[in-house]
Amino acid sequence: MSHDHHPRPTTAVEQRVAALEALLTEKGLVDPVVLDQIIDHYEHEVGPMNGAKVVARAWVDPAYRQRLLDDGTAAIGELGFGGPEGDHMVVVENTAEVHNLVVCTLCSCYPWPVLGLPPTWYKSAPYRSRAVREPRALLNELGTPIPDEVEIRVWDSSAEVRYLVLPRRPAGTEALDEDELVGLVTRDSMIGVAVL
Amino acid sequence: MSVLDEAFGDSTLPRANGEVTFDAPWQGRALAMAVSLVDHLDLEWDAFRRHLISAIESEPDRAYWDSFAAALDAFVAQHV
């Protein structure tokens, strides 16, 4: 590799993980080629774009929206998305009266199939505790002030369930088609730390 | 240090799409091993998640992926 002129020392955890991979490979329990494929999948194939497609479909198709709210896992599966951390999906809808915010206080659970892997801040102890304790103040600091009259509901993924926020469709987008709407949906709006 | 710095350090603020998934290659290897083992052993993801919860709970200030690696160790010790 061309960047190896100045290799940095490996850390203890790095060595432990490498040793574990060698052991598990020797035992025939993992295959390095398969590991490469899994990494590639999560780095390049799953991500917030999948969730954005779900949201845009719900915006243009009222029957799909209803199915999504009734059975998130099945409706998301209709678009071909599923897998680990996506077995029990519940979709919560933002309205004029309610803003939803998703957190996992215990272990940073996250709906991989629709949002990819969680961002660094989502896994931080301050986010995990403050989202529950003082969501309005946290959102305000993140540049997403929620009016006092709007209720904030915090969904803690600590059960078997993974949550996805269905953000409100921005005003003035009536003329856009589904593909164009996909481009408006951000990861953070589907976690509830941003509005569109 | 502002509250925001304290909350999120120098990590990306939650304001846009797109972010490097792993900070270092070993984190991807650890994740892939967990996914692959759960599948190979015909377990539910929750079997791994229980170890992840314990690992985070036991050292709340440890970096997420370090806890993930510790959980992987414990998972392997239990199931392999």
# chains A, B, ... in the order shown; residues from 1 in each chain; ligands from 1
call {"tool": "residues_around", "arguments": {"residues": "Val98 (chain A)", "least_positions_apart": "4", "cutoff": "6 Å", "atoms": "only C-alpha atoms", "output": "PyMOL selection string"}}
result
chain A and resi 94+150-152
call {"tool": "closest_atom_pairs", "arguments": {"of": "chain A", "to": "chain B", "cutoff": "6 Å", "atoms": "only C-alpha atoms", "output": "Markdown table"}}
result
| residue | atom | partner | partner_atom | distance |
| --- | --- | --- | --- | --- |
| A:Glu14 | CA | B:Trp26 | CA | 5.8 |
| A:Leu35 | CA | B:Ala32 | CA | 5.2 |
| A:Ile38 | CA | B:Ala32 | CA | 5.7 |
| A:Ile39 | CA | B:Gly28 | CA | 5.8 |
| A:Leu106 | CA | B:Ile53 | CA | 5.7 |
| A:Cys107 | CA | B:Ile53 | CA | 5.0 |
| A:Trp121 | CA | B:Phe8 | CA | 5.6 |
| A:Pro126 | CA | B:Ala7 | CA | 5.0 |
| A:Thr186 | CA | B:Asn17 | CA | 5.7 |
| A:Arg187 | CA | B:Asn17 | CA | 5.4 |
call {"tool": "atom_distance", "arguments": {"atom1": "CA of Gly82 (chain A)", "atom2": "CA of Pro113 (chain A)"}}
result
5.4 Å
call {"tool": "residues_around", "arguments": {"residues": "Arg136 (chain A)", "least_positions_apart": "5", "cutoff": "9 Å", "atoms": "only C-alpha atoms", "output": "list in words"}}
result
Ala131, Glu141, Thr144, Pro145, Ile146, Asp148 and Ile152 of chain A
call {"tool": "write_last_selection", "arguments": {"atoms": "C-alpha atoms", "output": "compact mmCIF listing (two decimals), in the first residue's frame"}}
result
# COMPACT_ATOMS: atom_id res chain seq x y z
CA ALA A 131 -31.75 13.34 24.65
CA GLU A 141 -28.16 23.70 20.89
CA THR A 144 -33.20 22.76 15.87
CA PRO A 145 -35.33 24.87 18.20
CA ILE A 146 -38.74 23.26 18.73
CA ASP A 148 -42.86 25.36 23.14
CA ILE A 152 -41.27 16.40 21.99
call {"tool": "residues_around", "arguments": {"residues": "Arg130 (chain A)", "least_positions_apart": "6", "cutoff": "10 Å", "atoms": "only C-alpha atoms", "output": "PyMOL selection string"}}
result
(chain A and resi 103+105+136-139) or (chain B and resi 7)
call {"tool": "write_last_selection", "arguments": {"atoms": "N, CA and C atoms", "output": "PDB file, in the first residue's frame"}}
result
ATOM      1  N   VAL A 103     -33.200   7.938  20.278  1.00  0.00           N
ATOM      2  CA  VAL A 103     -31.948   7.741  21.005  1.00  0.00           C
ATOM      3  C   VAL A 103     -31.889   6.269  21.388  1.00  0.00           C
ATOM      4  N   THR A 105     -30.369   4.721  24.777  1.00  0.00           N
ATOM      5  CA  THR A 105     -29.632   5.067  25.993  1.00  0.00           C
ATOM      6  C   THR A 105     -28.657   3.966  26.406  1.00  0.00           C
ATOM      7  N   ARG A 136     -35.367  19.243  24.660  1.00  0.00           N
ATOM      8  CA  ARG A 136     -35.630  20.555  24.058  1.00  0.00           C
ATOM      9  C   ARG A 136     -34.360  21.414  24.061  1.00  0.00           C
ATOM     10  N   ALA A 137     -33.653  21.380  25.181  1.00  0.00           N
ATOM     11  CA  ALA A 137     -32.404  22.153  25.277  1.00  0.00           C
ATOM     12  C   ALA A 137     -31.356  21.594  24.314  1.00  0.00           C
ATOM     13  N   LEU A 138     -31.282  20.282  24.235  1.00  0.00           N
ATOM     14  CA  LEU A 138     -30.307  19.648  23.325  1.00  0.00           C
ATOM     15  C   LEU A 138     -30.604  20.039  21.878  1.00  0.00           C
ATOM     16  N   LEU A 139     -31.860  19.913  21.490  1.00  0.00           N
ATOM     17  CA  LEU A 139     -32.227  20.242  20.111  1.00  0.00           C
ATOM     18  C   LEU A 139     -31.949  21.716  19.806  1.00  0.00           C
TER      19      LEU A 139
ATOM     20  N   ALA B   7     -20.330  17.853  24.684  1.00  0.00           N
ATOM     21  CA  ALA B   7     -21.264  16.800  24.278  1.00  0.00           C
ATOM     22  C   ALA B   7     -20.710  15.986  23.123  1.00  0.00           C
TER      23      ALA B   7
END
